[in-house]
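Trainee: I am attaching a structure below and will ask some questions about it afterwards.
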Amino acid sequence: ACSLPRPPTNPSHLPRPTDKRLLAQSMPPSAFISSYTACLASPSRSNSSFCPALRPTPRVPHSPSRLLSPTMSSPRLNVFPSKAALSESLAAKVTALSAAAIADHASFSVAISGGSLPALLSAGLLATPESTAAVDWAKWKVFLVDERHVPRDDPDSNGKAARESLLESVAVPEGALWEIRPELEVGECARDYAERMRAAGMRMIDHPTAGKVPVLDLVLLGLGEDGHTASLFPGHALLDEASVIIAPIEDSPKPPPSRVTFTYPMIDAAESVVFVATGGGKKEVVKSIFEGAADEVP
């Protein structure tokens, strides 16, 4: 990540992109990556040549009640002509962040969303023997941004998708993927996952309302056509949840209804966050987000 001032921790929303110059007049509908850093990197972890366009910018409130971070890096939007081009660029970014984290603190912690994201990631990272060998897989710690409250071998499981799309094809150590314990009731399942993340050996920060928050090196998020990310849905009460880092949801607008998900304090604490989306159906919600018109979306 770029060497930027570290902001105070906060329980508020993800930063609202405000620079309309980042949005092309006619955005190609195929694929994009949008990223920002949470500005928590130490100087030794900086790599200004990797993301020179990122600069500190004030966060924009969703409502007066939200606590704000005075310094967050500006979002950076990348648009690609095809899924293949997106996968290649995403793999290069993840490989660079992995190498920087391992050089700094001997491990790379990454949280992955479900949907099409695991396949897009693996398509780039496993494209060639050289791209696969460029990653020190033995140092990876992999977490799930959100997970459906289903058995681990269920077709709806995000953990199953991560294993089958990527992790079973590389030399990650046993136990490198932290999965939920679906045999637990969903509320207990969320609490258990939060405690196991706190015990996973990552750096921690103190959050004013959520307590100890692990600092992930990278969070990879998708985007739904309705604007949801993780299992945080437009207009849902979880958008105001700031007392826990992992929350249960039992009324998801998309099936299955029972899930666990990262909350804003967990996402905001990450050193880098990347949103990945493909398809023309998401063009309008992306445009509305970057123009500041989508008040109810994450």
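Here, A, B, ... name the chains of the structure tokens in the order displayed, residue numbers run from 1 inside each chain, and ligands are numbered from 1 in the same displayed order.
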Among segment 119-156 of chain A, which residues does DSSP mark as strand (DSSP E or B) when it is run on the backbone? Keep the chain and numbering as in the structure and answer as a PDB file with C-alpha atoms, in the first residue's frame.
Mentor:
```
ATOM      1  CA  TRP A 140      -0.923 -17.066   3.158  1.00  0.00           C
ATOM      2  CA  LYS A 141      -3.740 -16.828   5.717  1.00  0.00           C
ATOM      3  CA  VAL A 142      -7.115 -16.856   3.976  1.00  0.00           C
ATOM      4  CA  PHE A 143     -10.401 -15.702   5.498  1.00  0.00           C
ATOM      5  CA  LEU A 144     -13.957 -15.343   4.214  1.00  0.00           C
ATOM      6  CA  ASP A 146     -18.895 -13.453   4.307  1.00  0.00           C
ATOM      7  CA  GLU A 147     -20.233 -16.959   4.341  1.00  0.00           C
ATOM      8  CA  ARG A 148     -23.585 -18.627   3.945  1.00  0.00           C
TER       9      ARG A 148
END
```
Trainee: In Å, with one decimal, what is the gap from atom CA of Ser157 of chain A to atom CA of Asp217 of chain A?
Mentor: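 Atom CA of Ser157 of chain A sits 23.2 Å away from atom CA of Asp217 of chain A.
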Trainee: Please provide the set of residues having any atom within 12 Å of Pro248 of chain A, restricted to only C-alpha atoms, with same-chain residues fewer than 4 positions apart removed, written as a PDB file with N, CA, C and O atoms, in the first residue's frame.
Mentor:
```
ATOM      1  N   ASP A 146     -17.574 -13.038   3.851  1.00  0.00           N
ATOM      2  CA  ASP A 146     -18.895 -13.453   4.307  1.00  0.00           C
ATOM      3  C   ASP A 146     -19.080 -14.912   3.916  1.00  0.00           C
ATOM      4  O   ASP A 146     -18.391 -15.435   3.051  1.00  0.00           O
ATOM      5  N   GLU A 147     -19.988 -15.549   4.612  1.00  0.00           N
ATOM      6  CA  GLU A 147     -20.233 -16.959   4.341  1.00  0.00           C
ATOM      7  C   GLU A 147     -21.686 -17.283   4.593  1.00  0.00           C
ATOM      8  O   GLU A 147     -22.311 -16.762   5.533  1.00  0.00           O
ATOM      9  N   ARG A 148     -22.222 -18.129   3.739  1.00  0.00           N
ATOM     10  CA  ARG A 148     -23.585 -18.627   3.945  1.00  0.00           C
ATOM     11  C   ARG A 148     -23.555 -19.650   5.080  1.00  0.00           C
ATOM     12  O   ARG A 148     -22.599 -20.419   5.208  1.00  0.00           O
ATOM     13  N   HIS A 149     -24.598 -19.651   5.907  1.00  0.00           N
ATOM     14  CA  HIS A 149     -24.659 -20.564   7.044  1.00  0.00           C
ATOM     15  C   HIS A 149     -25.158 -21.922   6.565  1.00  0.00           C
ATOM     16  O   HIS A 149     -26.284 -22.351   6.823  1.00  0.00           O
ATOM     17  N   ILE A 180     -15.980 -20.793   8.746  1.00  0.00           N
ATOM     18  CA  ILE A 180     -16.921 -20.762   9.864  1.00  0.00           C
ATOM     19  C   ILE A 180     -17.211 -22.185  10.326  1.00  0.00           C
ATOM     20  O   ILE A 180     -16.911 -23.156   9.626  1.00  0.00           O
ATOM     21  N   PRO A 182     -20.293 -24.131  10.746  1.00  0.00           N
ATOM     22  CA  PRO A 182     -21.726 -24.019  10.446  1.00  0.00           C
ATOM     23  C   PRO A 182     -22.610 -24.841  11.365  1.00  0.00           C
ATOM     24  O   PRO A 182     -23.835 -24.648  11.362  1.00  0.00           O
ATOM     25  N   LEU A 184     -22.715 -24.485  14.425  1.00  0.00           N
ATOM     26  CA  LEU A 184     -23.152 -23.573  15.471  1.00  0.00           C
ATOM     27  C   LEU A 184     -24.355 -22.757  15.007  1.00  0.00           C
ATOM     28  O   LEU A 184     -24.537 -22.510  13.815  1.00  0.00           O
ATOM     29  N   GLU A 185     -25.183 -22.335  15.971  1.00  0.00           N
ATOM     30  CA  GLU A 185     -26.253 -21.387  15.666  1.00  0.00           C
ATOM     31  C   GLU A 185     -25.627 -20.136  15.058  1.00  0.00           C
ATOM     32  O   GLU A 185     -24.502 -19.771  15.390  1.00  0.00           O
ATOM     33  N   VAL A 186     -26.330 -19.449  14.137  1.00  0.00           N
ATOM     34  CA  VAL A 186     -25.701 -18.423  13.324  1.00  0.00           C
ATOM     35  C   VAL A 186     -25.092 -17.282  14.149  1.00  0.00           C
ATOM     36  O   VAL A 186     -24.017 -16.768  13.826  1.00  0.00           O
ATOM     37  N   GLY A 187     -25.756 -16.878  15.241  1.00  0.00           N
ATOM     38  CA  GLY A 187     -25.182 -15.831  16.084  1.00  0.00           C
ATOM     39  C   GLY A 187     -23.903 -16.289  16.758  1.00  0.00           C
ATOM     40  O   GLY A 187     -22.906 -15.554  16.799  1.00  0.00           O
ATOM     41  N   GLU A 188     -23.911 -17.499  17.291  1.00  0.00           N
ATOM     42  CA  GLU A 188     -22.711 -18.059  17.913  1.00  0.00           C
ATOM     43  C   GLU A 188     -21.634 -18.301  16.870  1.00  0.00           C
ATOM     44  O   GLU A 188     -20.433 -18.129  17.133  1.00  0.00           O
ATOM     45  N   CYS A 189     -22.048 -18.680  15.679  1.00  0.00           N
ATOM     46  CA  CYS A 189     -21.109 -18.897  14.576  1.00  0.00           C
ATOM     47  C   CYS A 189     -20.345 -17.611  14.271  1.00  0.00           C
ATOM     48  O   CYS A 189     -19.121 -17.622  14.069  1.00  0.00           O
ATOM     49  N   ALA A 190     -21.038 -16.472  14.227  1.00  0.00           N
ATOM     50  CA  ALA A 190     -20.390 -15.185  13.972  1.00  0.00           C
ATOM     51  C   ALA A 190     -19.431 -14.821  15.095  1.00  0.00           C
ATOM     52  O   ALA A 190     -18.303 -14.368  14.843  1.00  0.00           O
ATOM     53  N   ARG A 191     -19.846 -15.013  16.331  1.00  0.00           N
ATOM     54  CA  ARG A 191     -18.968 -14.705  17.469  1.00  0.00           C
ATOM     55  C   ARG A 191     -17.735 -15.596  17.468  1.00  0.00           C
ATOM     56  O   ARG A 191     -16.612 -15.140  17.727  1.00  0.00           O
ATOM     57  N   ASP A 192     -17.924 -16.876  17.163  1.00  0.00           N
ATOM     58  CA  ASP A 192     -16.810 -17.819  17.120  1.00  0.00           C
ATOM     59  C   ASP A 192     -15.805 -17.430  16.031  1.00  0.00           C
ATOM     60  O   ASP A 192     -14.586 -17.460  16.254  1.00  0.00           O
ATOM     61  N   TYR A 193     -16.306 -17.044  14.863  1.00  0.00           N
ATOM     62  CA  TYR A 193     -15.403 -16.661  13.765  1.00  0.00           C
ATOM     63  C   TYR A 193     -14.624 -15.404  14.123  1.00  0.00           C
ATOM     64  O   TYR A 193     -13.420 -15.299  13.835  1.00  0.00           O
ATOM     65  N   ALA A 194     -15.275 -14.463  14.784  1.00  0.00           N
ATOM     66  CA  ALA A 194     -14.580 -13.244  15.207  1.00  0.00           C
ATOM     67  C   ALA A 194     -13.454 -13.570  16.179  1.00  0.00           C
ATOM     68  O   ALA A 194     -12.335 -13.047  16.058  1.00  0.00           O
ATOM     69  N   SER A 231     -22.024  -9.435   2.792  1.00  0.00           N
ATOM     70  CA  SER A 231     -23.464  -9.654   2.953  1.00  0.00           C
ATOM     71  C   SER A 231     -24.071  -8.424   3.614  1.00  0.00           C
ATOM     72  O   SER A 231     -24.900  -8.508   4.526  1.00  0.00           O
ATOM     73  N   LEU A 232     -23.624  -7.260   3.143  1.00  0.00           N
ATOM     74  CA  LEU A 232     -24.143  -5.965   3.575  1.00  0.00           C
ATOM     75  C   LEU A 232     -25.020  -5.430   2.447  1.00  0.00           C
ATOM     76  O   LEU A 232     -24.516  -5.073   1.381  1.00  0.00           O
ATOM     77  N   ALA A 237     -30.204  -3.102   8.298  1.00  0.00           N
ATOM     78  CA  ALA A 237     -29.766  -2.618   9.604  1.00  0.00           C
ATOM     79  C   ALA A 237     -28.282  -2.849   9.855  1.00  0.00           C
ATOM     80  O   ALA A 237     -27.659  -2.105  10.628  1.00  0.00           O
ATOM     81  N   LEU A 238     -27.697  -3.858   9.209  1.00  0.00           N
ATOM     82  CA  LEU A 238     -26.270  -4.135   9.429  1.00  0.00           C
ATOM     83  C   LEU A 238     -25.371  -3.010   8.923  1.00  0.00           C
ATOM     84  O   LEU A 238     -24.199  -2.950   9.297  1.00  0.00           O
ATOM     85  N   GLU A 241     -24.221  -1.398  11.952  1.00  0.00           N
ATOM     86  CA  GLU A 241     -23.618  -2.249  12.978  1.00  0.00           C
ATOM     87  C   GLU A 241     -22.143  -1.873  13.171  1.00  0.00           C
ATOM     88  O   GLU A 241     -21.345  -1.942  12.237  1.00  0.00           O
ATOM     89  N   VAL A 244     -19.535  -5.033  16.575  1.00  0.00           N
ATOM     90  CA  VAL A 244     -18.867  -6.315  16.364  1.00  0.00           C
ATOM     91  C   VAL A 244     -18.132  -6.274  15.035  1.00  0.00           C
ATOM     92  O   VAL A 244     -18.425  -5.449  14.165  1.00  0.00           O
ATOM     93  N   SER A 252     -31.291 -12.236   4.874  1.00  0.00           N
ATOM     94  CA  SER A 252     -30.641 -11.773   3.655  1.00  0.00           C
ATOM     95  C   SER A 252     -31.643 -11.673   2.509  1.00  0.00           C
ATOM     96  O   SER A 252     -32.422 -12.602   2.286  1.00  0.00           O
ATOM     97  N   PRO A 257     -30.924 -17.161   3.351  1.00  0.00           N
ATOM     98  CA  PRO A 257     -31.133 -15.988   4.200  1.00  0.00           C
ATOM     99  C   PRO A 257     -30.184 -15.895   5.392  1.00  0.00           C
ATOM    100  O   PRO A 257     -29.953 -14.811   5.916  1.00  0.00           O
ATOM    101  N   SER A 258     -29.631 -17.031   5.831  1.00  0.00           N
ATOM    102  CA  SER A 258     -28.796 -17.062   7.033  1.00  0.00           C
ATOM    103  C   SER A 258     -27.318 -17.044   6.650  1.00  0.00           C
ATOM    104  O   SER A 258     -26.840 -17.923   5.923  1.00  0.00           O
ATOM    105  N   ARG A 259     -26.582 -16.044   7.175  1.00  0.00           N
ATOM    106  CA  ARG A 259     -25.175 -15.848   6.812  1.00  0.00           C
ATOM    107  C   ARG A 259     -24.412 -15.215   7.967  1.00  0.00           C
ATOM    108  O   ARG A 259     -25.009 -14.749   8.939  1.00  0.00           O
ATOM    109  N   VAL A 260     -23.081 -15.134   7.822  1.00  0.00           N
ATOM    110  CA  VAL A 260     -22.255 -14.278   8.670  1.00  0.00           C
ATOM    111  C   VAL A 260     -21.442 -13.388   7.747  1.00  0.00           C
ATOM    112  O   VAL A 260     -21.118 -13.770   6.617  1.00  0.00           O
ATOM    113  N   THR A 261     -21.109 -12.186   8.214  1.00  0.00           N
ATOM    114  CA  THR A 261     -20.442 -11.229   7.341  1.00  0.00           C
ATOM    115  C   THR A 261     -19.525 -10.291   8.114  1.00  0.00           C
ATOM    116  O   THR A 261     -19.774  -9.992   9.288  1.00  0.00           O
ATOM    117  N   PHE A 262     -18.455  -9.838   7.460  1.00  0.00           N
ATOM    118  CA  PHE A 262     -17.666  -8.730   7.981  1.00  0.00           C
ATOM    119  C   PHE A 262     -18.586  -7.516   8.124  1.00  0.00           C
ATOM    120  O   PHE A 262     -19.488  -7.302   7.325  1.00  0.00           O
ATOM    121  N   THR A 263     -18.317  -6.695   9.129  1.00  0.00           N
ATOM    122  CA  THR A 263     -18.971  -5.403   9.268  1.00  0.00           C
ATOM    123  C   THR A 263     -17.987  -4.310   8.855  1.00  0.00           C
ATOM    124  O   THR A 263     -16.826  -4.583   8.538  1.00  0.00           O
TER     125      THR A 263
END
```
